[in-house]
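Trainee: Data file protein.cif (mmCIF, C-alpha atoms) is appended below.
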data_protein
#
loop_
_atom_site.label_atom_id
_atom_site.label_comp_id
_atom_site.auth_asym_id
_atom_site.auth_seq_id
_atom_site.Cartn_x
_atom_site.Cartn_y
_atom_site.Cartn_z
CA MET A 1 -14.49 28.29 1.48
CA ASP A 2 -14.96 24.68 0.39
CA VAL A 3 -16.42 25.49 -3.03
CA LEU A 4 -14.62 27.50 -5.70
CA PHE A 5 -16.89 26.34 -8.44
CA ARG A 6 -19.19 23.44 -9.08
CA GLY A 7 -21.20 22.04 -11.96
CA SER A 8 -21.54 18.76 -13.78
CA LEU A 9 -19.62 18.19 -16.99
CA ARG A 10 -21.75 17.40 -20.04
CA ALA A 11 -19.57 16.12 -22.84
CA THR A 12 -20.43 15.57 -26.49
CA ARG A 13 -19.07 13.00 -28.91
CA ILE A 14 -16.15 13.99 -31.11
CA ILE A 15 -13.68 12.30 -33.43
CA SER A 16 -10.70 14.50 -32.65
CA PHE A 17 -9.76 17.40 -30.41
CA LEU A 18 -11.76 20.60 -30.68
CA PRO A 19 -9.93 23.30 -32.69
CA MET A 20 -9.47 25.54 -29.64
CA SER A 21 -9.08 22.82 -27.02
CA SER A 22 -7.51 23.86 -23.73
CA LEU A 23 -5.60 20.56 -23.73
CA ARG A 24 -2.71 18.86 -25.39
CA ILE A 25 -2.24 15.15 -24.82
CA PHE A 26 1.11 13.46 -25.30
CA ALA A 27 1.87 9.78 -24.89
CA GLY A 28 4.78 7.38 -24.78
CA PRO A 29 5.03 4.88 -27.64
CA ASP A 30 2.92 2.16 -26.00
CA ALA A 31 0.30 4.57 -24.69
CA LEU A 32 0.17 6.42 -28.01
CA ALA A 33 -0.97 3.37 -29.91
CA ARG A 34 -3.63 2.54 -27.33
CA LEU A 35 -5.14 6.03 -27.18
CA ARG A 36 -5.30 6.28 -30.96
CA ASP A 37 -7.06 2.93 -31.04
CA GLU A 38 -9.15 2.92 -27.84
CA GLY A 39 -9.59 6.53 -26.77
CA LEU A 40 -9.59 7.42 -23.05
CA CYS A 41 -11.20 5.44 -20.24
CA GLU A 42 -10.63 5.15 -16.52
CA SER A 43 -9.85 1.43 -16.54
CA GLN A 44 -6.75 1.92 -18.72
CA PHE A 45 -4.80 3.50 -15.87
CA ARG A 46 -2.88 1.90 -13.04
CA VAL A 47 -0.74 4.86 -11.93
CA MET A 48 -1.26 8.60 -11.54
CA THR A 49 1.65 11.00 -11.08
CA GLY A 50 1.90 14.52 -9.65
CA ALA A 51 4.92 16.79 -10.12
CA SER A 52 6.53 19.43 -7.93
CA GLY A 53 5.98 23.03 -8.96
CA GLY A 54 4.32 25.07 -6.22
CA PRO A 55 1.32 27.13 -7.42
CA LYS A 56 1.83 26.02 -11.01
CA TRP A 57 -0.67 23.28 -10.22
CA PHE A 58 -3.51 25.83 -10.06
CA VAL A 59 -3.89 25.45 -13.82
CA LEU A 60 -4.72 21.76 -13.19
CA TYR A 61 -7.22 22.41 -10.41
CA GLY A 62 -10.37 21.98 -12.50
CA LEU A 63 -8.98 18.82 -14.08
CA ASP A 64 -8.13 17.46 -10.62
CA ARG A 65 -11.70 18.05 -9.46
CA TYR A 66 -13.05 16.16 -12.46
CA LEU A 67 -10.58 13.28 -12.10
CA PHE A 68 -11.16 12.97 -8.36
CA GLY A 69 -14.92 13.47 -8.39
CA GLU A 70 -16.01 11.86 -11.67
CA PHE A 71 -13.36 10.03 -13.69
CA PHE A 72 -12.09 7.90 -10.80
CA ALA A 73 -15.29 7.99 -8.76
CA GLY A 74 -16.36 4.44 -7.94
CA ARG A 75 -12.91 3.06 -8.72
CA GLN A 76 -12.49 -0.45 -7.32
CA ASP A 77 -9.12 -1.56 -8.69
CA GLU A 78 -5.98 -0.19 -7.07
CA LEU A 79 -4.60 3.08 -8.46
CA TYR A 80 -1.04 3.81 -7.39
CA THR A 81 -0.27 7.52 -7.00
CA LEU A 82 3.25 8.95 -6.92
CA GLY A 83 3.86 12.60 -6.08
CA SER A 84 6.42 15.04 -4.79
CA SER A 85 5.88 18.42 -3.13
CA ALA A 86 2.69 20.09 -4.43
CA GLY A 87 2.03 17.01 -6.56
CA ALA A 88 2.06 14.85 -3.43
CA TRP A 89 -0.34 17.24 -1.68
CA ARG A 90 -2.79 17.02 -4.60
CA LEU A 91 -2.68 13.25 -4.77
CA CYS A 92 -3.10 12.91 -1.01
CA CYS A 93 -6.43 14.69 -1.46
CA LEU A 94 -7.51 11.92 -3.83
CA ALA A 95 -7.11 9.31 -1.07
CA THR A 96 -9.35 11.11 1.44
CA ALA A 97 -13.00 10.20 1.99
CA ASP A 98 -14.15 13.33 0.10
CA PRO A 99 -11.40 14.08 -2.42
CA VAL A 100 -13.20 16.95 -4.17
CA ALA A 101 -13.75 18.80 -0.88
CA ALA A 102 -10.10 18.19 0.04
CA ILE A 103 -8.71 19.56 -3.25
CA GLU A 104 -11.05 22.55 -2.94
CA ARG A 105 -9.68 23.28 0.54
CA LEU A 106 -6.13 22.95 -0.73
CA ALA A 107 -6.76 25.33 -3.65
CA TYR A 108 -8.53 27.90 -1.49
CA LEU A 109 -6.01 27.93 1.35
CA TYR A 110 -2.95 27.81 -0.91
CA SER A 111 -4.21 30.62 -3.15
CA HIS A 112 -5.16 32.78 -0.14
CA GLU A 113 -1.82 32.37 1.64
CA GLU A 114 -0.45 35.75 2.72
CA TYR A 115 2.88 36.49 4.40
CA SER A 116 4.52 39.48 6.03
CA ALA A 117 6.74 41.77 3.94
CA LYS A 118 9.86 39.73 4.80
CA PRO A 119 8.61 36.32 5.93
CA THR A 120 10.91 34.09 7.96
CA VAL A 121 11.30 30.35 7.52
CA SER A 122 9.36 29.90 10.75
CA GLU A 123 6.44 32.00 9.48
CA ILE A 124 6.19 30.13 6.18
CA THR A 125 6.56 26.75 7.89
CA ASP A 126 3.91 27.53 10.50
CA LYS A 127 1.44 28.67 7.85
CA ALA A 128 2.08 25.53 5.80
CA ARG A 129 1.38 23.39 8.85
CA VAL A 130 -1.95 25.10 9.44
CA LEU A 131 -2.82 24.76 5.75
CA LEU A 132 -2.18 21.02 5.66
CA GLN A 133 -3.88 20.40 8.99
CA THR A 134 -6.98 22.13 7.63
CA VAL A 135 -6.87 20.23 4.34
CA LEU A 136 -6.57 16.89 6.14
CA GLY A 137 -9.05 17.65 8.88
CA PRO A 138 -9.37 15.29 11.86
CA THR A 139 -9.53 12.05 9.83
CA GLY A 140 -7.68 12.71 6.56
CA ALA A 141 -4.37 11.16 7.63
CA ARG A 142 -6.08 7.91 8.59
CA GLU A 143 -8.10 7.86 5.38
CA ILE A 144 -4.94 8.25 3.26
CA ALA A 145 -2.95 5.65 5.18
CA GLN A 146 -5.72 3.06 5.11
CA ASN A 147 -7.10 3.62 1.60
CA ALA A 148 -7.05 0.25 -0.18
CA VAL A 149 -7.90 1.66 -3.63
CA PHE A 150 -5.95 4.91 -3.97
CA ARG A 151 -2.47 3.81 -2.93
CA THR A 152 -0.55 6.95 -1.97
CA HIS A 153 3.24 7.26 -2.40
CA ILE A 154 4.90 10.49 -1.22
CA VAL A 155 8.48 11.36 -2.13
CA ALA A 156 10.72 13.36 0.21
CA ALA A 157 14.51 13.79 0.19
CA ARG A 158 16.58 12.93 3.27
CA ALA A 159 19.64 15.15 3.49
CA ARG A 160 22.97 13.40 4.02
CA GLY A 161 26.19 14.70 5.55
CA LEU A 162 26.43 18.48 6.02
CA GLY A 163 23.00 18.94 4.51
CA SER A 164 21.40 17.39 7.58
CA SER A 165 23.00 19.93 9.90
CA SER A 166 20.93 22.43 11.86
CA ASN A 167 23.40 25.10 10.74
CA THR A 168 21.94 26.90 7.73
CA ALA A 169 25.38 27.88 6.43
CA LEU A 170 26.39 24.22 6.28
CA GLN A 171 23.07 23.35 4.66
CA GLY A 172 23.72 26.00 2.03
CA LEU A 173 27.21 24.65 1.38
CA ALA A 174 25.82 21.16 0.92
CA LEU A 175 23.06 22.37 -1.38
CA GLY A 176 25.51 24.29 -3.56
CA SER A 177 27.83 21.29 -3.72
CA ALA A 178 24.93 19.05 -4.68
CA ALA A 179 23.99 21.41 -7.51
CA LEU A 180 27.53 21.37 -8.88
CA ALA A 181 27.84 17.59 -8.58
CA ASN A 182 24.52 17.16 -10.35
CA VAL A 183 25.86 19.00 -13.40
CA ALA A 184 28.39 16.21 -13.83
CA SER A 185 25.98 13.37 -13.09
CA ARG A 186 22.53 13.08 -11.59
CA ARG A 187 23.72 9.95 -9.76
CA LEU A 188 26.11 12.10 -7.71
CA LEU A 189 23.05 13.46 -5.86
CA SER A 190 23.35 10.27 -3.82
CA LEU A 191 26.29 11.88 -2.01
CA PHE A 192 23.94 14.50 -0.62
CA PHE A 193 20.38 13.16 -0.65
CA GLU A 194 18.49 9.91 -0.27
CA ARG A 195 15.09 9.52 -1.90
CA THR A 196 12.50 8.49 0.68
CA LEU A 197 9.26 6.88 -0.44
CA PHE A 198 6.44 7.06 2.10
CA ALA A 199 4.25 4.25 0.79
CA ASN A 200 0.68 3.31 1.60
CA THR A 201 1.67 -0.11 0.23
CA GLY A 202 4.69 -0.45 2.55
CA THR A 203 7.17 -3.08 1.40
CA LEU A 204 4.99 -3.81 -1.64
CA ALA A 205 5.61 -0.32 -3.06
CA PRO A 206 6.23 -0.59 -6.81
CA TRP A 207 9.07 1.94 -6.64
CA GLN A 208 10.97 0.59 -3.63
CA ASN A 209 13.75 -0.99 -5.72
CA LEU A 210 14.77 2.07 -7.73
CA ARG A 211 18.48 2.06 -8.56
CA ASP A 212 19.12 5.52 -10.00
CA LEU A 213 19.44 7.00 -6.49
CA PRO A 214 19.49 5.41 -3.03
CA THR A 215 15.88 4.92 -1.98
CA GLN A 216 14.45 4.29 1.48
CA THR A 217 10.88 2.98 1.73
CA VAL A 218 8.78 3.86 4.78
CA ARG A 219 5.27 2.59 5.42
CA LEU A 220 2.77 5.45 5.32
CA THR A 221 0.77 5.41 8.55
CA GLU A 222 -1.73 7.68 10.23
CA SER A 223 1.06 8.92 12.50
CA ASN A 224 3.44 10.01 9.71
CA VAL A 225 1.17 11.18 6.85
CA PHE A 226 1.22 14.82 7.96
CA MET A 227 5.00 14.97 8.45
CA ALA A 228 5.62 13.17 5.17
CA MET A 229 3.48 15.74 3.36
CA MET A 230 5.24 18.60 5.12
CA ALA A 231 8.66 17.16 4.30
CA SER A 232 7.79 16.63 0.65
CA GLY A 233 6.84 20.31 0.29
CA SER A 234 9.69 21.78 2.36
CA ILE A 235 11.65 23.86 -0.14
CA PRO A 236 15.13 24.42 1.34
CA PHE A 237 15.52 27.83 3.02
CA ALA A 238 11.79 28.51 2.57
CA LEU A 239 10.48 25.85 4.95
CA ALA A 240 12.30 24.21 7.84
CA GLY A 241 11.96 20.58 6.77
CA GLU A 242 11.03 17.71 9.05
CA ARG A 243 13.01 15.59 11.49
CA HIS A 244 12.06 12.53 13.53
CA ILE A 245 9.42 11.19 11.16
CA ASP A 246 7.78 8.08 12.56
CA GLY A 247 9.22 4.96 10.92
CA ALA A 248 11.90 6.79 8.93
CA ALA A 249 15.65 6.95 9.45
CA PRO A 250 16.95 9.90 11.53
CA GLY A 251 17.76 13.06 9.60
CA LEU A 252 16.41 16.16 7.91
CA TYR A 253 13.72 15.55 5.28
CA VAL A 254 13.12 18.20 2.64
CA ASP A 255 11.36 18.78 -0.68
CA GLY A 256 10.85 15.63 -2.72
CA GLY A 257 11.39 17.66 -5.86
CA ILE A 258 15.13 17.71 -5.15
CA THR A 259 15.39 14.09 -6.24
CA ASP A 260 12.15 13.86 -8.24
CA TYR A 261 11.01 17.20 -9.59
CA HIS A 262 8.99 15.79 -12.49
CA PHE A 263 10.31 12.19 -12.23
CA ASP A 264 12.68 10.12 -14.33
CA VAL A 265 11.98 6.64 -13.00
CA PRO A 266 10.05 3.66 -14.42
CA LEU A 267 6.56 4.93 -13.61
CA HIS A 268 4.89 1.58 -14.33
CA ARG A 269 6.37 -1.67 -15.59
CA GLY A 270 3.00 -3.26 -16.40
CA GLU A 271 0.86 -2.94 -19.49
CA GLU A 272 -1.64 -0.47 -18.00
CA LEU A 273 -1.16 3.25 -18.53
CA VAL A 274 0.09 6.10 -16.35
CA LEU A 275 -1.99 9.29 -16.14
CA TYR A 276 0.20 12.34 -15.70
CA PRO A 277 -1.65 15.69 -15.56
CA HIS A 278 1.15 18.22 -15.87
CA PHE A 279 1.29 21.99 -16.07
CA SER A 280 3.97 22.04 -18.78
CA THR A 281 5.29 20.15 -21.78
CA THR A 282 8.72 20.31 -20.13
CA VAL A 283 9.55 17.32 -17.93
CA VAL A 284 12.59 17.80 -15.68
CA PRO A 285 14.02 14.86 -13.67
CA GLY A 286 15.25 16.69 -10.53
CA TRP A 287 15.20 20.16 -8.99
CA PHE A 288 18.81 20.90 -9.97
CA ASP A 289 18.10 19.96 -13.59
CA LYS A 290 15.80 22.92 -14.27
CA HIS A 291 18.51 24.86 -16.08
CA LEU A 292 20.24 21.87 -17.69
CA ALA A 293 18.68 21.71 -21.13
CA TRP A 294 20.28 18.35 -21.89
CA ARG A 295 18.88 16.64 -18.79
CA ARG A 296 15.56 15.13 -19.80
CA PRO A 297 13.81 11.89 -18.83
CA SER A 298 14.35 8.59 -20.56
CA ILE A 299 11.66 7.63 -23.04
CA ALA A 300 11.91 4.08 -21.67
CA ASN A 301 10.55 5.32 -18.34
CA TYR A 302 7.63 6.99 -20.11
CA ARG A 303 6.66 4.31 -22.62
CA ASN A 304 3.11 3.97 -21.22
CA VAL A 305 2.62 7.51 -19.86
CA VAL A 306 -0.23 9.81 -20.92
CA LEU A 307 0.88 13.40 -20.33
CA VAL A 308 -2.02 15.86 -20.19
CA THR A 309 -1.04 19.55 -20.34
CA PRO A 310 -2.73 22.92 -20.93
CA SER A 311 -2.41 24.07 -24.51
CA PRO A 312 -0.22 27.07 -25.41
CA GLU A 313 -3.33 28.97 -26.52
CA PHE A 314 -5.01 28.39 -23.18
CA VAL A 315 -1.95 29.58 -21.24
CA ALA A 316 -1.49 32.62 -23.48
CA ALA A 317 -5.05 33.72 -22.70
CA LEU A 318 -4.48 33.66 -18.93
CA PRO A 319 -3.71 36.89 -17.04
CA TYR A 320 -0.04 37.81 -17.62
CA GLY A 321 0.04 35.13 -20.32
CA LYS A 322 1.43 32.49 -17.98
CA ILE A 323 0.48 30.00 -15.29
CA PRO A 324 1.13 30.94 -11.64
CA ASP A 325 4.51 30.31 -10.06
CA ARG A 326 6.36 31.09 -6.83
CA SER A 327 7.75 34.36 -8.21
CA ASP A 328 4.21 35.77 -7.93
CA PHE A 329 4.70 36.02 -4.16
CA LYS A 330 7.45 38.59 -4.80
CA THR A 331 6.21 40.40 -7.88
CA LEU A 332 2.52 40.86 -7.04
CA GLU A 333 0.82 42.45 -4.06
CA PHE A 334 -1.62 40.15 -2.29
CA PRO A 335 -4.87 41.53 -3.83
CA ALA A 336 -3.46 41.36 -7.37
CA ARG A 337 -2.02 37.91 -6.81
CA LEU A 338 -5.27 36.61 -5.33
CA ASP A 339 -7.28 37.96 -8.26
CA TYR A 340 -4.85 36.45 -10.79
CA TRP A 341 -4.74 33.06 -9.10
CA GLN A 342 -8.53 32.94 -8.72
CA GLN A 343 -8.96 33.61 -12.42
CA VAL A 344 -6.62 30.71 -13.21
CA LEU A 345 -8.48 28.43 -10.81
CA ASP A 346 -11.79 29.38 -12.41
CA ARG A 347 -10.57 29.00 -15.98
CA SER A 348 -8.98 25.63 -15.21
CA GLN A 349 -12.51 24.22 -15.40
CA GLN A 350 -12.10 24.33 -19.18
CA LEU A 351 -9.43 21.61 -18.99
CA ALA A 352 -11.89 19.41 -17.13
CA GLU A 353 -14.64 20.00 -19.68
CA ASP A 354 -12.38 19.27 -22.63
CA PHE A 355 -10.97 16.14 -20.98
CA ALA A 356 -14.51 14.92 -20.20
CA THR A 357 -15.43 15.46 -23.85
CA LEU A 358 -12.56 13.21 -24.92
CA VAL A 359 -13.58 10.57 -22.38
CA SER A 360 -17.17 10.59 -23.69
CA HIS A 361 -15.98 9.74 -27.21
CA THR A 362 -16.00 5.95 -27.56
CA GLY A 363 -13.55 5.77 -30.46
CA GLY A 364 -9.85 6.39 -30.78
CA LEU A 365 -8.26 9.82 -30.44
CA ALA A 366 -6.57 11.23 -33.52
CA ASN A 367 -4.62 14.15 -32.10
CA VAL A 368 -2.54 12.45 -29.41
CA GLU A 369 1.10 13.46 -29.88
CA PRO A 370 4.38 11.69 -29.13
CA LEU A 371 6.04 12.86 -25.93
CA PRO A 372 7.79 16.23 -26.33
CA PHE A 373 11.19 14.76 -25.43
CA SER A 374 13.00 11.97 -27.21
CA GLN A 375 16.28 11.48 -25.32
CA ARG A 376 17.07 7.81 -24.84
CA ARG A 377 19.41 6.35 -22.26
#
Would you mind writing the file out in structure tokens?
Mentor:
Amino acid sequence: MDVLFRGSLRATRIISFLPMSSLRIFAGPDALARLRDEGLCESQFRVMTGASGGPKWFVLYGLDRYLFGEFFAGRQDELYTLGSSAGAWRLCCLATADPVAAIERLAYLYSHEEYSAKPTVSEITDKARVLLQTVLGPTGAREIAQNAVFRTHIVAARARGLGSSSNTALQGLALGSAALANVASRRLLSLFFERTLFANTGTLAPWQNLRDLPTQTVRLTESNVFMAMMASGSIPFALAGERHIDGAAPGLYVDGGITDYHFDVPLHRGEELVLYPHFSTTVVPGWFDKHLAWRRPSIANYRNVVLVTPSPEFVAALPYGKIPDRSDFKTLEFPARLDYWQQVLDRSQQLAEDFATLVSHTGGLANVEPLPFSQRR
């Protein structure tokens, strides 16, 4: 169960991307200049980010294994990680004692998840609890909380007002109202949700003073790692959410993607770079912004971000011509879905190999592109 595939990555020197590379690499203006001049190396990065998106992350699985097991292996300087929902789960694996084994468990268990014909919230929640307990094992929570190199930051959203009710009808009313308010202004989400940052760094968290939305910072401890992870992945009306999290304010905590789906915050104010493996060239600030074409992140927040995505050609060659998503639970029977997802997990190794090839090249990279959004605020 612990091994989906293994094998060392042997990279060769290149001057530019291979013609049929599985990768596209985008960069903010500061990062763009550095990559074109310096190429890619581990020491450039201070932050790593992981987005919400459910099983979409399967396309990044091979790259995660390489980053966790080779690129950042032996890291001594602090690396701050920031994730929501599935992105938080991935990055929590990085902070365990054996990150490759942890990400392998997560990929296996997530891809093999099977529900009844009409699963209830309780069924989905219970299965998610078992999944995360297995991924963490008996010592994972302590390893994440106490890791002095990989500094984990998990985002969850604390519901406010009617949204914190135990009554699902009132929760639905609050969620619908939040969606409507968000159309007018993303800042109006503050009427309904409070961003909560569960931080391995506690009060030293680099994102504790965010001003776009109200933000509560809670020290990440062995006693709250599991509940913080569960809360961050608790999609409303799919999972129950979490209450009574140790160290956090009272209330209902749900999916961190509501406030930070793909993030629109200053990811790093220093001169080092931010590594952002992402399953898409589309970057959406919050969950309610998915269908708002005009709502895109500020370039200022991404000035030193390196966005690594699968290429269109790679995605087109996958089964069904797309990466996995949550709709697969409804449209595919379990055997077909498992086969499809396993093929994506296997083929994701190509992203790792192509990234390793770029890392092995000691010169600058010619084919890095400007970020695929240019909205300025």
Trainee: Apply the PyMOL selection byres ((chain A and resi 143) around 10) to the structure shown and report the selected residues as a ChimeraX atom specification.
Mentor: /A:92-93,95-98,136,138-142,144-148,221-222,225
Trainee: Write out as a PDB file with C-alpha atoms, keeping the file's coordinate frame the residues lying within 10 Å of A:Glu194, counting all atoms listed in the file and excluding same-chain residues fewer than 3 positions away.
Mentor:
ATOM      1  CA  ALA A 156      10.720  13.360   0.210  1.00  0.00           C
ATOM      2  CA  ALA A 157      14.510  13.790   0.190  1.00  0.00           C
ATOM      3  CA  ARG A 158      16.580  12.930   3.270  1.00  0.00           C
ATOM      4  CA  ALA A 159      19.640  15.150   3.490  1.00  0.00           C
ATOM      5  CA  ARG A 160      22.970  13.400   4.020  1.00  0.00           C
ATOM      6  CA  LEU A 189      23.050  13.460  -5.860  1.00  0.00           C
ATOM      7  CA  SER A 190      23.350  10.270  -3.820  1.00  0.00           C
ATOM      8  CA  LEU A 191      26.290  11.880  -2.010  1.00  0.00           C
ATOM      9  CA  LEU A 197       9.260   6.880  -0.440  1.00  0.00           C
ATOM     10  CA  LEU A 213      19.440   7.000  -6.490  1.00  0.00           C
ATOM     11  CA  PRO A 214      19.490   5.410  -3.030  1.00  0.00           C
ATOM     12  CA  THR A 215      15.880   4.920  -1.980  1.00  0.00           C
ATOM     13  CA  GLN A 216      14.450   4.290   1.480  1.00  0.00           C
ATOM     14  CA  TYR A 253      13.720  15.550   5.280  1.00  0.00           C
ATOM     15  CA  GLY A 256      10.850  15.630  -2.720  1.00  0.00           C
ATOM     16  CA  ILE A 258      15.130  17.710  -5.150  1.00  0.00           C
ATOM     17  CA  THR A 259      15.390  14.090  -6.240  1.00  0.00           C
TER      18      THR A 259
END
Trainee: Nearest residue to A:Phe26 out of A:Tyr110, A:Tyr302, A:Trp294, A:Tyr320, using all atoms listed in the file?
Mentor: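 The answer is A:Tyr302, which sits nearest to A:Phe26.
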Trainee: On this structure, which residues satisfy the PyMOL selection byres ((chain A and resi 61) around 10), written as a PyMOL selection string?
Mentor: chain A and resi 56-60+62-67+90+103-104+106-107+344-349+351-352
Trainee: Please evaluate the PyMOL selection byres ((chain A and resi 199) around 8) against the structure above and give the resulting residues as an MDAnalysis selection string.
Mentor: chainID A and resid 151:154 197:198 200:203 205 217:220
Trainee: Could you tell me, as JSON, numbers by chain, which residues have any atom at most 9 Å from (5.5, 18.3, 3.3), counting all atoms listed in the file?
Mentor: {"A": [84, 85, 86, 88, 89, 128, 129, 132, 156, 226, 227, 228, 229, 230, 231, 232, 233, 234, 235, 241, 242, 253, 254, 255, 256]}
Trainee: Place a sphere of radius 8 Å on (-12.8, 3.0, -29.8) in the file coordinates and name every protein, DNA or RNA residue with an atom inside or on its surface, counting all atoms listed in the file; give the answer as a ChimeraX atom specification.
Mentor: /A:37-39,361-364
Trainee: Quick one: residues within 9 Å of A:Pro206, only C-alpha atoms, excluding same-chain residues fewer than 5 positions away - as a ChimeraX atom specification?
Mentor: /A:80,201,267-269
